[in-house]
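Next comes model_28.cif, a file with mmCIF, C-alpha atoms.
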```
data_entry
loop_
_atom_site.label_atom_id
_atom_site.label_comp_id
_atom_site.auth_asym_id
_atom_site.auth_seq_id
_atom_site.Cartn_x
_atom_site.Cartn_y
_atom_site.Cartn_z
CA MET A 1 126.85 35.81 119.51
CA THR A 2 126.93 36.85 115.89
CA ILE A 3 126.68 40.37 114.64
CA SER A 4 125.56 40.81 111.06
CA SER A 5 127.38 43.14 108.73
CA GLN A 6 124.07 44.94 108.14
CA LYS A 7 123.82 45.80 111.87
CA ILE A 8 127.44 46.96 111.99
CA THR A 9 126.86 49.12 108.93
CA THR A 10 123.67 50.59 110.40
CA ILE A 11 125.42 51.37 113.70
CA GLY A 12 128.27 53.07 111.80
CA LEU A 13 125.71 55.05 109.80
CA LEU A 14 123.96 56.15 113.02
CA ILE A 15 127.29 57.29 114.51
CA ALA A 16 128.21 59.24 111.35
CA LEU A 17 124.74 60.76 111.13
CA SER A 18 124.90 61.89 114.75
CA VAL A 19 128.30 63.52 114.23
CA ILE A 20 127.11 65.35 111.11
CA LEU A 21 123.79 66.48 112.60
CA THR A 22 125.42 67.58 115.87
CA ARG A 23 128.47 69.37 114.49
CA LEU A 24 127.19 70.80 111.24
CA ALA A 25 123.39 70.98 111.33
CA SER A 26 122.75 72.38 114.80
CA ILE A 27 122.08 75.82 116.14
CA ARG A 28 124.52 76.64 118.92
CA ILE A 29 123.78 79.31 121.49
CA ALA A 30 126.74 80.51 123.52
CA ILE A 31 126.27 81.51 127.15
CA ALA A 32 129.19 83.37 128.77
CA GLY A 33 131.57 82.21 126.03
CA VAL A 34 130.61 78.52 126.40
CA GLU A 35 128.19 76.56 124.23
CA GLY A 36 125.21 76.56 126.58
CA ILE A 37 122.50 75.23 124.29
CA ARG A 38 122.59 73.20 121.09
CA ILE A 39 119.34 72.81 119.19
CA GLY A 40 119.32 70.15 116.50
CA LEU A 41 118.74 66.54 115.61
CA GLY A 42 122.15 65.16 116.62
CA ARG A 43 120.66 63.03 119.41
CA LEU A 44 118.09 61.42 117.12
CA PRO A 45 120.46 58.71 115.75
CA ILE A 46 121.71 57.99 119.29
CA ILE A 47 118.18 57.45 120.59
CA LEU A 48 117.33 55.41 117.48
CA GLY A 49 120.35 53.17 118.13
CA GLY A 50 119.13 52.50 121.67
CA VAL A 51 115.56 51.82 120.53
CA LEU A 52 116.54 49.54 117.64
CA PHE A 53 119.42 47.58 119.12
CA GLY A 54 119.16 47.98 122.88
CA PRO A 55 120.90 50.02 125.55
CA ILE A 56 124.44 48.73 125.00
CA VAL A 57 124.47 49.72 121.34
CA GLY A 58 122.70 53.00 122.16
CA GLY A 59 125.50 53.79 124.61
CA ILE A 60 128.16 52.84 122.08
CA VAL A 61 126.56 55.01 119.39
CA GLY A 62 126.30 57.96 121.79
CA GLY A 63 129.80 57.61 123.19
CA LEU A 64 131.53 57.08 119.85
CA ALA A 65 129.55 59.87 118.17
CA ASP A 66 130.69 62.31 120.86
CA LEU A 67 134.32 61.14 120.71
CA LEU A 68 134.51 61.16 116.91
CA GLY A 69 132.73 64.51 116.76
CA TYR A 70 135.25 65.97 119.17
CA PHE A 71 138.26 64.67 117.23
CA ILE A 72 136.85 65.79 113.88
CA ASN A 73 135.60 69.20 115.01
CA PRO A 74 136.62 70.11 118.57
CA MET A 75 134.69 72.87 120.30
CA GLY A 76 136.96 73.61 123.23
CA ALA A 77 138.71 71.19 125.55
CA TYR A 78 137.54 67.58 125.75
CA MET A 79 135.20 66.94 128.68
CA PRO A 80 134.36 63.27 129.34
CA HIS A 81 131.25 64.42 131.22
CA PHE A 82 129.52 65.15 127.93
CA THR A 83 130.58 61.81 126.42
CA LEU A 84 128.89 60.13 129.38
CA THR A 85 125.78 62.24 128.84
CA SER A 86 125.74 61.35 125.14
CA ALA A 87 126.10 57.64 125.91
CA LEU A 88 123.29 57.83 128.46
CA GLY A 89 121.14 59.46 125.78
CA GLY A 90 121.15 56.10 123.97
CA ILE A 91 121.21 53.84 127.02
CA ILE A 92 118.17 55.23 128.87
CA PRO A 93 115.62 54.97 126.02
CA GLY A 94 117.04 51.54 125.13
CA VAL A 95 116.52 50.27 128.69
CA ILE A 96 112.97 51.61 128.88
CA ILE A 97 112.01 50.18 125.48
CA ASN A 98 113.49 46.79 126.44
CA LEU A 99 111.42 46.81 129.64
CA LYS A 100 108.25 47.57 127.65
CA LYS A 101 109.14 45.46 124.60
CA GLU A 102 106.00 43.30 124.60
CA GLU A 103 103.73 46.35 124.64
CA PHE A 104 105.68 48.67 122.32
CA ASN A 105 103.57 51.63 121.21
CA TYR A 106 103.76 55.37 120.62
CA LEU A 107 103.13 56.16 124.29
CA ASN A 108 106.01 53.94 125.48
CA LEU A 109 108.32 55.44 122.86
CA THR A 110 107.36 58.94 124.03
CA LEU A 111 107.94 57.92 127.65
CA ALA A 112 111.38 56.44 126.86
CA ILE A 113 112.54 59.50 124.94
CA THR A 114 111.11 61.94 127.49
CA ILE A 115 112.78 60.25 130.47
CA GLY A 116 116.09 60.07 128.58
CA GLN A 117 115.96 63.72 127.56
CA ILE A 118 114.94 64.93 131.03
CA LEU A 119 117.80 63.06 132.67
CA THR A 120 120.45 64.00 130.12
CA SER A 121 119.46 67.36 128.63
CA LEU A 122 117.61 68.96 131.52
CA LEU A 123 119.56 67.58 134.47
CA LEU A 124 123.04 66.25 133.63
CA THR A 125 124.15 68.67 130.91
CA PRO A 126 123.17 71.82 132.86
CA TYR A 127 124.75 70.32 135.98
CA PHE A 128 128.02 69.72 134.12
CA LEU A 129 127.93 73.20 132.55
CA HIS A 130 127.44 74.68 136.01
CA LEU A 131 130.12 72.46 137.58
CA LEU A 132 132.76 72.89 134.87
CA PHE A 133 132.22 76.47 133.74
CA GLY A 134 130.30 78.07 136.61
CA LEU A 135 127.32 79.00 134.44
CA PRO A 136 124.34 80.07 136.56
CA TRP A 137 121.30 77.79 136.66
CA LEU A 138 118.93 80.65 135.87
CA VAL A 139 120.77 81.26 132.62
CA ILE A 140 121.06 77.61 131.55
CA LEU A 141 117.63 76.17 132.35
CA PRO A 142 114.95 78.49 130.87
CA PRO A 143 115.99 78.07 127.21
CA ARG A 144 116.30 74.31 127.70
CA LEU A 145 112.83 74.13 129.24
CA ILE A 146 111.48 75.70 126.06
CA ALA A 147 113.58 73.74 123.53
CA GLU A 148 113.38 70.22 125.01
CA PRO A 149 109.62 69.61 124.72
CA ILE A 150 109.83 70.59 121.05
CA GLN A 151 112.81 68.31 120.47
CA ILE A 152 111.13 65.44 122.33
CA LEU A 153 108.10 65.73 120.02
CA ILE A 154 110.33 65.81 116.94
CA TYR A 155 112.42 62.82 118.11
CA THR A 156 109.34 60.77 119.01
CA TYR A 157 107.52 61.51 115.77
CA THR A 158 110.56 60.85 113.58
CA ILE A 159 111.60 57.62 115.30
CA ASN A 160 108.02 56.34 115.27
CA LEU A 161 107.83 57.12 111.55
CA ILE A 162 111.09 55.26 110.90
CA LEU A 163 109.97 52.23 112.91
CA LYS A 164 106.50 52.10 111.29
CA ARG A 165 107.84 52.33 107.78
CA ASP A 166 110.66 49.90 108.58
CA VAL A 167 113.06 52.11 106.64
CA LEU A 168 116.12 50.38 108.05
CA LYS A 169 114.73 46.84 107.41
CA ILE A 170 116.16 45.63 110.72
CA LYS A 171 114.40 43.84 113.51
CA SER A 172 114.66 45.70 116.79
CA SER A 173 116.43 42.86 118.53
CA SER A 174 119.48 43.41 120.68
CA ILE A 175 122.90 42.47 119.38
#
```
Just dump the structure as structure tokens.
Amino acid sequence: MTISSQKITTIGLLIALSVILTRLASIRIAIAGVEGIRIGLGRLPIILGGVLFGPIVGGIVGGLADLLGYFINPMGAYMPHFTLTSALGGIIPGVIINLKKEEFNYLNLTLAITIGQILTSLLLTPYFLHLLFGLPWLVILPPRLIAEPIQILIYTYTINLILKRDVLKIKSSSI
């Protein structure tokens, strides 16, 4: 198995972009002294890595982006739960896109991103916030239920635009 330097460079760019968008270009809303909600485009490069290169690379991009982001700009103690959630944010869309590869279209992209975001942002992250910090469900979920549909639309539109225009000049084959 050979990995081209262009793919390695693109993966590194996606990781760096995710760290920058998550840590510097996001709106953070604290709930009971803990970051309860983060609105931004930090997950976009993670999802794009899973869609372009498959679930393994999507997981690597998500996991490394979370780890590097923590070491560069820590926001409290390190919690591996959120690294897992970040990795799953690239794995889940990558798996769904690989299953639907022969009939790739806007609807399948929307489905992949929606399932990934529901599982990670609406289920796992609030569960971990509740488990680790004791935040009540009624405080965590309502803002997420409003923000996630908007983010899903933005992620889907942007990734579809990138794939249609072939901005990255890379075939969407797995490494």
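Under the PyMOL selection byres ((chain A and resi 91-108) around 8), the matching residues in the shown file are Ile47, Gly49, Gly50, Val51, Leu52, Phe53, Gly54, Pro55, Ile56, Val57, Gly58, Gly59, Ala87, Leu88, Gly89, Gly90, Leu109, Thr110, Leu111, Ala112, Ile113, Ile115, Gly116, Thr156 and Asn160 of chain A.
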Selection under test: the PyMOL selection byres ((chain A and resi 65) around 8); residues as a tab-separated table (two decimals) with C-alpha atoms, in the frame of the given file:
```tsv
chain	number	residue	atom	x	y	z
A	15	ILE	CA	127.29	57.29	114.51
A	16	ALA	CA	128.21	59.24	111.35
A	18	SER	CA	124.90	61.89	114.75
A	19	VAL	CA	128.30	63.52	114.23
A	61	VAL	CA	126.56	55.01	119.39
A	62	GLY	CA	126.30	57.96	121.79
A	63	GLY	CA	129.80	57.61	123.19
A	64	LEU	CA	131.53	57.08	119.85
A	66	ASP	CA	130.69	62.31	120.86
A	67	LEU	CA	134.32	61.14	120.71
A	68	LEU	CA	134.51	61.16	116.91
A	69	GLY	CA	132.73	64.51	116.76
```
Running the PyMOL selection byres ((chain A and resi 123-137) around 12) on this model by hand, what would come out? Give it as number ranges by chain.
A: 30-38, 76-89, 115-122, 138-145, 148
Centre and size of axis-aligned box enclosing range 79-88 of chain A plus 8 Å each side, as JSON:
```
{"center_x": 129.2, "center_y": 62.3, "center_z": 128.2, "size_x": 27.9, "size_y": 25.3, "size_z": 22.1}
```
Min atom-atom distance to Ile150 in chain A from the set A:Thr114, A:Arg28, A:Ile3, A:Leu13, counting all atoms listed in the file, belongs to A:Thr114
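Relative to CA of Gln151 in chain A, CA of Gly40 in chain A is found at 7.8 Å.
The space separating CA of Ser4 in chain A from CA of Leu48 in chain A comes to 17.9 Å.
From CA of Leu153 in chain A back to CA of Ile11 in chain A, the distance works out to 23.4 Å.
Using all atoms listed in the file, the shortest contact distance between Ile152 in chain A and any of A:Ile60, A:Leu17, A:Ile39, A:Ile27 is found at A:Ile39.
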Check the smallest atom-to-atom distance from each of A:Gln6, A:Leu41, A:Ile154, A:Arg165 to Leu21 in chain A using only C-alpha atoms, then report the winner.
A:Leu41
As a tab-separated table (two decimals), keeping the file's coordinate frame, could you write out range 123-153 of chain A once it has been completed with N, CA and C atoms?
```
chain	number	residue	atom	x	y	z
A	123	LEU	N	118.91	67.73	133.17
A	123	LEU	CA	119.56	67.58	134.47
A	123	LEU	C	121.09	67.49	134.37
A	124	LEU	N	121.59	66.47	133.66
A	124	LEU	CA	123.04	66.25	133.63
A	124	LEU	C	123.82	67.34	132.89
A	125	THR	N	123.40	67.67	131.68
A	125	THR	CA	124.15	68.67	130.91
A	125	THR	C	124.20	70.02	131.62
A	126	PRO	N	123.07	70.56	132.12
A	126	PRO	CA	123.17	71.82	132.86
A	126	PRO	C	124.02	71.68	134.13
A	127	TYR	N	123.92	70.54	134.79
A	127	TYR	CA	124.75	70.32	135.98
A	127	TYR	C	126.22	70.38	135.62
A	128	PHE	N	126.61	69.71	134.54
A	128	PHE	CA	128.02	69.72	134.12
A	128	PHE	C	128.46	71.11	133.66
A	129	LEU	N	127.59	71.83	132.96
A	129	LEU	CA	127.93	73.20	132.55
A	129	LEU	C	128.13	74.09	133.77
A	130	HIS	N	127.31	73.91	134.78
A	130	HIS	CA	127.44	74.68	136.01
A	130	HIS	C	128.72	74.27	136.76
A	131	LEU	N	128.96	72.98	136.85
A	131	LEU	CA	130.12	72.46	137.58
A	131	LEU	C	131.44	72.84	136.90
A	132	LEU	N	131.51	72.68	135.59
A	132	LEU	CA	132.76	72.89	134.87
A	132	LEU	C	133.05	74.36	134.56
A	133	PHE	N	132.01	75.11	134.21
A	133	PHE	CA	132.22	76.47	133.74
A	133	PHE	C	131.61	77.54	134.64
A	134	GLY	N	130.90	77.12	135.68
A	134	GLY	CA	130.30	78.07	136.61
A	134	GLY	C	129.12	78.84	136.05
A	135	LEU	N	128.47	78.31	135.00
A	135	LEU	CA	127.32	79.00	134.44
A	135	LEU	C	126.15	78.95	135.42
A	136	PRO	N	125.46	80.05	135.62
A	136	PRO	CA	124.34	80.07	136.56
A	136	PRO	C	123.14	79.26	136.06
A	137	TRP	N	122.46	78.62	136.98
A	137	TRP	CA	121.30	77.79	136.66
A	137	TRP	C	120.20	78.60	135.97
A	138	LEU	N	120.00	79.82	136.44
A	138	LEU	CA	118.93	80.65	135.87
A	138	LEU	C	119.20	81.07	134.43
A	139	VAL	N	120.44	80.95	134.01
A	139	VAL	CA	120.77	81.26	132.62
A	139	VAL	C	120.67	80.02	131.76
A	140	ILE	N	121.01	78.86	132.31
A	140	ILE	CA	121.06	77.61	131.55
A	140	ILE	C	119.67	77.00	131.35
A	141	LEU	N	118.87	76.94	132.39
A	141	LEU	CA	117.63	76.17	132.35
A	141	LEU	C	116.47	76.75	131.53
A	142	PRO	N	116.15	78.02	131.60
A	142	PRO	CA	114.95	78.49	130.87
A	142	PRO	C	114.95	78.18	129.37
A	143	PRO	N	116.05	78.42	128.64
A	143	PRO	CA	115.99	78.07	127.21
A	143	PRO	C	115.84	76.57	126.97
A	144	ARG	N	116.42	75.76	127.83
A	144	ARG	CA	116.30	74.31	127.70
A	144	ARG	C	114.87	73.85	127.97
A	145	LEU	N	114.21	74.49	128.93
A	145	LEU	CA	112.83	74.13	129.24
A	145	LEU	C	111.88	74.45	128.09
A	146	ILE	N	112.28	75.38	127.24
A	146	ILE	CA	111.48	75.70	126.06
A	146	ILE	C	111.84	74.76	124.91
A	147	ALA	N	113.13	74.52	124.69
A	147	ALA	CA	113.58	73.74	123.53
A	147	ALA	C	113.32	72.23	123.67
A	148	GLU	N	113.48	71.68	124.85
A	148	GLU	CA	113.38	70.22	125.01
A	148	GLU	C	112.02	69.63	124.68
A	149	PRO	N	110.90	70.21	125.12
A	149	PRO	CA	109.62	69.61	124.72
A	149	PRO	C	109.44	69.56	123.20
A	150	ILE	N	109.92	70.58	122.51
A	150	ILE	CA	109.83	70.59	121.05
A	150	ILE	C	110.69	69.48	120.46
A	151	GLN	N	111.92	69.36	120.97
A	151	GLN	CA	112.81	68.31	120.47
A	151	GLN	C	112.27	66.92	120.79
A	152	ILE	N	111.70	66.74	121.96
A	152	ILE	CA	111.13	65.44	122.33
A	152	ILE	C	110.03	65.06	121.34
A	153	LEU	N	109.16	66.01	120.99
A	153	LEU	CA	108.10	65.73	120.02
A	153	LEU	C	108.68	65.36	118.66
```
